[in-house]
Structures are given as C-alpha cells and as structure tokens.
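Enquirer: Data file upload.cif (mmCIF, C-alpha atoms) is appended below.
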```
data_start
loop_
_atom_site.label_atom_id
_atom_site.label_comp_id
_atom_site.auth_asym_id
_atom_site.auth_seq_id
_atom_site.Cartn_x
_atom_site.Cartn_y
_atom_site.Cartn_z
CA MET A 1 5.24 -42.05 -47.16
CA PHE A 2 6.59 -45.48 -46.15
CA TRP A 3 8.95 -45.74 -49.10
CA GLY A 4 10.76 -42.47 -48.65
CA ARG A 5 11.17 -42.81 -44.89
CA LYS A 6 12.35 -46.40 -44.89
CA THR A 7 14.85 -46.13 -47.71
CA SER A 8 16.43 -42.76 -46.91
CA LEU A 9 19.60 -44.24 -45.43
CA GLY A 10 20.11 -46.64 -48.33
CA ILE A 11 19.51 -43.86 -50.85
CA ALA A 12 21.98 -41.56 -49.13
CA MET A 13 24.67 -44.23 -49.09
CA MET A 14 24.13 -45.20 -52.72
CA LEU A 15 23.99 -41.60 -53.93
CA ALA A 16 27.35 -41.10 -52.23
CA LEU A 17 28.54 -44.20 -54.06
CA GLY A 18 27.29 -42.78 -57.36
CA ALA A 19 28.91 -39.42 -56.75
CA ALA A 20 32.22 -41.15 -56.22
CA THR A 21 32.10 -42.50 -59.78
CA ALA A 22 32.29 -38.93 -61.07
CA MET A 23 35.61 -38.22 -59.34
CA PRO A 24 38.64 -38.02 -61.63
CA ALA A 25 40.79 -40.26 -59.43
CA ALA A 26 42.08 -43.44 -61.03
CA ALA A 27 39.58 -46.27 -60.80
CA GLU A 28 40.56 -49.47 -59.04
CA THR A 29 39.61 -52.67 -60.84
CA ILE A 30 38.60 -55.75 -58.84
CA VAL A 31 37.44 -59.24 -59.74
CA VAL A 32 33.88 -59.98 -58.62
CA ARG A 33 33.46 -63.46 -60.10
CA ALA A 34 35.32 -65.91 -62.32
CA SER A 35 34.80 -69.34 -63.84
CA GLY A 36 36.68 -71.58 -66.24
CA PRO A 37 40.24 -72.94 -66.42
CA SER A 38 41.84 -69.75 -65.08
CA ALA A 39 39.34 -69.09 -62.26
CA LYS A 40 41.79 -69.95 -59.47
CA GLY A 41 44.00 -67.07 -60.57
CA TYR A 42 41.17 -64.56 -60.25
CA PRO A 43 39.50 -65.01 -56.85
CA PRO A 44 36.68 -62.58 -55.96
CA GLY A 45 38.10 -59.38 -54.49
CA LYS A 46 41.44 -59.59 -56.29
CA LYS A 47 42.72 -56.15 -57.33
CA LEU A 48 44.12 -55.62 -60.81
CA ALA A 49 46.33 -52.85 -62.15
CA ASP A 50 44.54 -50.58 -64.60
CA SER A 51 47.57 -50.72 -66.86
CA GLY A 52 47.63 -54.52 -67.00
CA THR A 53 46.14 -57.14 -69.29
CA LEU A 54 44.23 -60.38 -68.82
CA SER A 55 44.98 -63.40 -70.98
CA LEU A 56 42.04 -65.79 -70.84
CA LYS A 57 41.65 -69.32 -72.13
CA ALA A 58 38.66 -70.82 -73.91
CA GLY A 59 35.86 -71.25 -71.36
CA ASP A 60 37.14 -68.49 -69.05
CA VAL A 61 34.58 -65.92 -67.89
CA VAL A 62 35.79 -63.13 -65.59
CA THR A 63 33.60 -60.27 -64.35
CA LEU A 64 35.44 -57.09 -63.33
CA LEU A 65 34.22 -53.98 -61.54
CA ASP A 66 35.60 -50.45 -61.32
CA GLY A 67 34.13 -47.02 -60.68
CA ARG A 68 32.34 -47.07 -64.05
CA GLY A 69 30.52 -50.37 -63.63
CA THR A 70 31.01 -54.07 -64.35
CA ARG A 71 32.16 -55.78 -67.52
CA THR A 72 32.45 -59.47 -68.31
CA LEU A 73 35.46 -60.79 -70.22
CA ARG A 74 35.02 -64.05 -72.10
CA GLY A 75 37.99 -66.07 -73.35
CA PRO A 76 39.88 -66.90 -75.31
CA GLY A 77 41.74 -63.66 -75.82
CA THR A 78 43.83 -60.93 -74.24
CA PHE A 79 42.06 -57.93 -72.74
CA GLY A 80 43.71 -54.60 -71.96
CA LEU A 81 42.26 -53.18 -68.74
CA THR A 82 43.15 -49.56 -69.47
CA ALA A 83 41.39 -49.54 -72.84
CA GLN A 84 38.35 -51.35 -71.53
CA ALA A 85 38.08 -49.10 -68.47
CA SER A 86 38.27 -45.91 -70.53
CA ALA A 87 35.53 -47.22 -72.79
CA GLY A 88 33.12 -47.66 -69.89
CA THR A 89 30.02 -45.51 -69.56
CA ASP A 90 28.86 -43.64 -66.48
CA SER A 91 26.88 -45.99 -64.21
CA ARG A 92 25.32 -43.30 -62.00
CA ASN A 93 22.08 -43.13 -63.98
CA THR A 94 21.65 -46.89 -63.67
CA LEU A 95 22.22 -46.70 -59.93
CA ALA A 96 19.80 -43.78 -59.66
CA SER A 97 17.10 -45.78 -61.44
CA LEU A 98 17.58 -48.58 -58.91
CA LEU A 99 17.09 -46.13 -56.05
CA GLU A 100 14.32 -44.02 -57.52
CA THR A 101 11.91 -46.87 -58.27
CA LYS A 102 8.62 -45.91 -56.61
CA ARG A 103 6.67 -49.11 -57.02
CA VAL A 104 7.26 -52.76 -57.74
CA ARG A 105 5.22 -54.33 -60.53
CA ARG A 106 3.21 -57.43 -59.82
CA ALA A 107 5.28 -60.53 -60.46
CA ARG A 108 4.15 -62.74 -63.32
CA THR A 109 4.98 -66.33 -64.19
CA GLY A 110 4.94 -65.64 -67.91
CA ALA A 111 3.60 -63.49 -70.72
CA VAL A 112 1.46 -64.63 -73.62
CA ARG A 113 2.43 -63.56 -77.11
CA GLY A 114 0.88 -65.01 -80.24
CA GLY A 115 -0.92 -67.65 -78.18
CA VAL A 116 2.37 -68.95 -76.72
CA GLU A 117 3.33 -68.33 -73.10
CA GLU A 118 6.81 -66.86 -72.70
CA ASP A 119 8.82 -66.55 -69.52
CA ALA A 120 8.86 -63.04 -68.07
CA PRO A 121 12.07 -61.66 -66.57
CA ALA A 122 12.40 -62.44 -62.89
CA PRO A 123 11.55 -59.45 -60.67
CA ARG A 124 14.60 -57.69 -59.24
CA SER A 125 14.83 -55.97 -55.88
CA PRO A 126 14.54 -52.19 -56.30
CA ASN A 127 16.95 -51.43 -53.46
CA LEU A 128 20.34 -52.90 -52.59
CA TRP A 129 19.56 -52.97 -48.86
CA TYR A 130 16.29 -54.88 -49.02
CA VAL A 131 16.52 -58.47 -47.75
CA ASP A 132 15.23 -60.85 -50.43
CA ILE A 133 13.16 -63.52 -48.67
CA SER A 134 13.10 -65.79 -51.73
CA GLN A 135 16.66 -67.05 -51.27
CA PRO A 136 18.91 -68.00 -48.35
CA SER A 137 21.71 -65.48 -47.93
CA THR A 138 23.85 -63.34 -45.71
CA ALA A 139 22.39 -59.83 -45.83
CA CYS A 140 24.55 -56.76 -45.34
CA VAL A 141 22.56 -54.02 -43.61
CA PRO A 142 23.54 -50.38 -42.98
CA ASP A 143 20.95 -49.80 -40.24
CA PRO A 144 20.02 -52.82 -38.07
CA ALA A 145 17.11 -50.91 -36.58
CA ASN A 146 15.51 -50.38 -40.00
CA VAL A 147 15.69 -53.67 -41.92
CA GLN A 148 13.24 -54.15 -44.77
CA LEU A 149 12.16 -57.48 -46.25
CA TRP A 150 11.38 -57.78 -49.98
CA ARG A 151 9.58 -60.50 -51.93
CA PRO A 152 9.47 -60.96 -55.73
CA ASP A 153 5.96 -62.50 -55.84
CA ILE A 154 3.33 -60.05 -54.59
CA GLY A 155 0.25 -61.79 -55.95
CA SER A 156 -1.33 -62.70 -52.62
CA ALA A 157 -1.09 -61.92 -48.91
CA VAL A 158 1.28 -64.05 -46.85
CA THR A 159 2.35 -64.19 -43.22
CA LEU A 160 5.92 -65.22 -42.42
CA THR A 161 7.07 -66.79 -39.18
CA ILE A 162 10.60 -65.65 -38.40
CA THR A 163 12.49 -67.70 -35.82
CA SER A 164 15.89 -67.08 -34.29
CA ILE A 165 18.09 -70.05 -35.18
CA ASN A 166 20.05 -69.71 -31.93
CA GLY A 167 17.44 -68.56 -29.44
CA GLY A 168 14.19 -70.02 -30.79
CA VAL A 169 12.26 -66.74 -30.36
CA SER A 170 9.69 -66.15 -33.14
CA ALA A 171 7.70 -63.24 -34.55
CA PRO A 172 5.29 -62.87 -37.49
CA VAL A 173 5.56 -60.55 -40.50
CA THR A 174 2.67 -60.03 -42.91
CA PHE A 175 2.80 -58.93 -46.53
CA GLY A 176 -0.53 -57.70 -47.85
CA ALA A 177 -1.67 -58.60 -51.36
CA GLY A 178 0.25 -56.40 -53.80
CA GLU A 179 2.86 -55.42 -51.18
CA ALA A 180 6.52 -56.18 -51.90
CA VAL A 181 8.12 -54.66 -48.78
CA ALA A 182 7.55 -55.28 -45.07
CA GLY A 183 9.48 -54.17 -42.01
CA TRP A 184 11.54 -56.52 -39.87
CA PRO A 185 9.88 -57.24 -36.48
CA ALA A 186 11.29 -55.20 -33.60
CA ALA A 187 11.06 -58.23 -31.30
CA LEU A 188 13.92 -59.92 -33.19
CA PRO A 189 17.17 -57.94 -32.92
CA VAL A 190 19.46 -57.75 -35.94
CA THR A 191 23.07 -58.01 -34.81
CA GLU A 192 26.38 -59.00 -36.39
CA GLY A 193 26.19 -62.73 -37.12
CA SER A 194 22.56 -63.18 -36.06
CA SER A 195 20.66 -65.80 -38.07
CA TYR A 196 16.95 -66.33 -38.61
CA ARG A 197 14.76 -68.93 -40.31
CA LEU A 198 11.81 -67.74 -42.40
CA ASN A 199 8.83 -69.98 -43.08
CA TRP A 200 5.36 -69.53 -44.52
CA ALA A 201 2.49 -71.61 -45.90
CA GLY A 202 3.30 -73.37 -49.16
CA LEU A 203 7.07 -72.97 -48.84
CA ALA A 204 8.93 -76.15 -49.77
CA LYS A 205 11.94 -75.40 -47.56
CA PRO A 206 12.53 -72.68 -44.92
CA VAL A 207 14.79 -69.78 -45.91
CA ASP A 208 17.73 -69.00 -43.63
CA ILE A 209 18.94 -65.39 -43.49
CA GLY A 210 22.09 -64.26 -41.69
CA PHE A 211 23.06 -60.65 -41.04
CA SER A 212 26.27 -58.67 -41.27
CA LEU A 213 26.42 -55.02 -40.24
CA LEU A 214 28.05 -52.39 -42.44
CA GLY A 215 30.32 -49.74 -41.01
CA ALA A 216 30.99 -46.31 -42.46
CA SER A 217 31.53 -46.52 -46.21
CA ALA A 218 34.22 -44.60 -48.07
CA GLY A 219 32.00 -44.65 -51.15
CA GLY A 220 32.77 -45.93 -54.62
CA LEU A 221 31.60 -49.01 -56.44
CA GLU A 222 34.91 -50.77 -55.81
CA ASN A 223 34.75 -50.30 -52.03
CA MET A 224 31.13 -51.36 -51.90
CA ALA A 225 31.76 -54.51 -53.97
CA SER A 226 34.84 -55.37 -51.89
CA THR A 227 32.79 -55.09 -48.71
CA LEU A 228 30.01 -57.30 -50.05
CA ILE A 229 32.59 -59.89 -51.16
CA ALA A 230 34.39 -59.86 -47.80
CA LYS A 231 31.14 -60.24 -45.86
CA LYS A 232 29.82 -62.91 -48.29
CA CYS A 233 26.68 -60.92 -49.07
CA ASP A 234 26.41 -62.73 -52.39
CA ALA A 235 22.81 -61.88 -53.30
CA GLN A 236 23.47 -58.15 -52.92
CA LEU A 237 26.74 -58.44 -54.82
CA ALA A 238 24.89 -60.12 -57.70
CA LEU A 239 22.28 -57.33 -57.70
CA LEU A 240 24.99 -54.64 -57.70
CA VAL A 241 26.89 -56.35 -60.53
CA GLU A 242 23.75 -56.71 -62.64
CA THR A 243 22.64 -53.14 -62.00
CA VAL A 244 25.86 -51.49 -63.21
CA ALA A 245 26.69 -53.95 -66.00
CA LEU A 246 28.36 -52.53 -69.11
CA PRO A 247 28.44 -54.17 -72.57
CA ASP A 248 30.78 -57.15 -72.79
CA PRO A 249 34.09 -56.03 -74.34
CA ALA A 250 35.84 -57.87 -77.18
CA PRO A 251 39.44 -59.07 -76.77
CA ASP A 252 42.26 -56.97 -78.14
CA ALA A 253 43.17 -57.57 -81.77
CA PRO A 254 46.17 -59.89 -82.10
#
```
Rewrite the structure of this file - the entire thing - as structure tokens.
Expert:
Amino acid sequence: MFWGRKTSLGIAMMLALGAATAMPAAAETIVVRASGPSAKGYPPGKKLADSGTLSLKAGDVVTLLDGRGTRTLRGPGTFGLTAQASAGTDSRNTLASLLETKRVRRARTGAVRGGVEEDAPAPRSPNLWYVDISQPSTACVPDPANVQLWRPDIGSAVTLTITSINGGVSAPVTFGAGEAVAGWPAALPVTEGSSYRLNWAGLAKPVDIGFSLLGASAGGLENMASTLIAKKCDAQLALLVETVALPDPAPDAP
C-alpha cells in the first residue's frame, strides 16, 4: 500500500519520539512561541528550568513544550513550571493518532446546521513530514529521496508545476480527485537549502517551498521542537504544537 510504504520512516521517527516521553528522565521545558509585553524575554527555543516560575503580564501568551506536550500560559499571573509539568497528560496517544490516520476526509468549506452554514475546521496534515502545498514554508524532511506533498482541499484533480527557483528546471505533479498525497518528482533533487516554486491553475500566488534536511534525531518532543525552531520549519512546528496540546493551565493562587 502507498501509505504504509511512503510513511514508514516518518512513523519510525515519531514512534521513537513518543517512546521517549515515557522515560522517567526529567523533562526539559522550552519556549515554542510567545506574544505580548514580555515576548522579548521568551524567544522561541529558550530553555526553562523545571523548578522555575513565569511571571506574565496582562496580554502575555507563552506556549511551552516538554516531554508531555504543549501548554499555553496566559497572563497576568505567575505560573510554576514544576506543578504544571507534573499535571500534564501523556501525549503519546495523540501522536499515535496523528501517525495512524489511514485516510484524509474530503475538505469542506462549511457545514449546514439548522439552515445556517457554519465553518468547518480546517483540514490538518495527518503526518508531520508531509509538505503542505497550501502555504509557503521551509520544510524539514528526514528522507530527501522520499518527499511527500499534501494538500488540504482534495475536491478535484489538479496538476502542479514545480520549478527550481535557482535553476529554472520544472516538473509536473498531479493529484487525482480525492487524493491528498502525491510524491515529489524525482527530476527535482531535494537538498539542504534547495527552493522550489509551486503553481497550478486558479492559484492567486505561487507557493515557495524551501527544504532543510534532518540528521539523526535523539528523540523526544523537546529535541524535535528545538530542531524545527532552529531550522525555521514553522508550519511543522505549528502542527506539532497543536497535536500535543494540553489544557491551558491557570496561574498559581496568590
């Protein structure tokens, strides 16, 4: 089957990541995003001591990640990292559900309830290593010889033209109606720093995709998030953060 063969490497890497969350070693807490008055003090990738606290002002929003998952702290208030970390739930089942998805549902623009159309949730990529063609990004890939493209709207067939931004060489990729995943063309090599422009009929603006290659991973959510931050693979970082999100904690009582 196409799915099992093409995603085996990504599944193996992510299962290793999930297994690492079960280890009893102390979890490392890192900042993955921050906004508000105190944002400059919490740049993405900053490491925080598990025994420390965060004092946030009104309007501050800081998202943290450790081996249990992600949690978002909203000011004002003081948050104890040790207490919040110990309250986290195991994120391995959530990661497993991301990897074990066998099909992608047809994207819809909205649902009708009681005669009123309501917005449906935006489709989400079922695999961290798929390259989302709907948004420009830098894509981190574990296997440059086995890159898979993913699209959120699978309602009709479409043929992409992929062009090397540096060399001008082009190759087509076709998604059939109802198909969410298509393989990267062998004629266009994926290397560290290579960049390509994707275009297809009806697209308002071409989508530029750059590539960064992943080396051997030590496993663990923290290491994976740190790598995605360092390589500026923002779309994949956002997917990882959303996938392992825990309930937002309340500040410590004064």
Enquirer: Please expand the PyMOL selection byres ((chain A and resi 152-162) around 7) into the concrete residues it hits in this file, giving the result as a PyMOL selection string.
Expert: chain A and resi 106-107+123+150-151+163-164+170-180+196-200
Enquirer: For this structure, which residues satisfy the selection - the PyMOL selection byres ((chain A and resi 231) around 10) - when it is evaluated on the file as given? I want them as a VMD selection string.
Expert: chain A and resid 138 to 140 211 to 214 225 to 230 232 to 234
Enquirer: As a PDB file with C-alpha atoms, in the coordinates of the input, please: the residues near A:Gly80 (cut-off 9 Å, only C-alpha atoms, same-chain neighbours under 5 positions excluded).
Expert:
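Dumped everything to selection.pdb:
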```pdb
ATOM      1  CA  ASP A  50      44.540 -50.580 -64.600  1.00  0.00           C
ATOM      2  CA  SER A  51      47.570 -50.720 -66.860  1.00  0.00           C
ATOM      3  CA  GLY A  52      47.630 -54.520 -67.000  1.00  0.00           C
ATOM      4  CA  THR A  53      46.140 -57.140 -69.290  1.00  0.00           C
ATOM      5  CA  LEU A  54      44.230 -60.380 -68.820  1.00  0.00           C
ATOM      6  CA  SER A  55      44.980 -63.400 -70.980  1.00  0.00           C
ATOM      7  CA  ALA A  85      38.080 -49.100 -68.470  1.00  0.00           C
ATOM      8  CA  PRO A 251      39.440 -59.070 -76.770  1.00  0.00           C
ATOM      9  CA  ASP A 252      42.260 -56.970 -78.140  1.00  0.00           C
TER      10      ASP A 252
END
```
Enquirer: Any chance you could resolve the PyMOL selection byres ((chain A and resi 38) around 10) against this file and give the residues as a list in words?
Expert: Ala34, Ser35, Gly36, Pro37, Ala39, Lys40, Gly41, Tyr42, Pro43, Ser55, Leu56, Lys57, Ala58, Gly59, Asp60, Val61, Val62 and Gly75 of chain A
Enquirer: Please measure the separation of atom CA of A:Gly220 and atom CA of A:Lys46, giving the value in Å to one decimal.
Expert: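 One can read the atom CA of A:Gly220 to atom CA of A:Lys46 distance as 16.3 Å.
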Enquirer: Between atom CA of A:Leu240 and atom CA of A:Ile165, measure the distance and give it in Å to one decimal.
Expert: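 Separation of atom CA of A:Leu240 and atom CA of A:Ile165: 28.1 Å.
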Enquirer: Tell me, in Å to one decimal, how far atom CA of A:Tyr130 is from atom CA of A:Val32.
Expert: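 Separating atom CA of A:Tyr130 from atom CA of A:Val32 is a distance of 20.7 Å.
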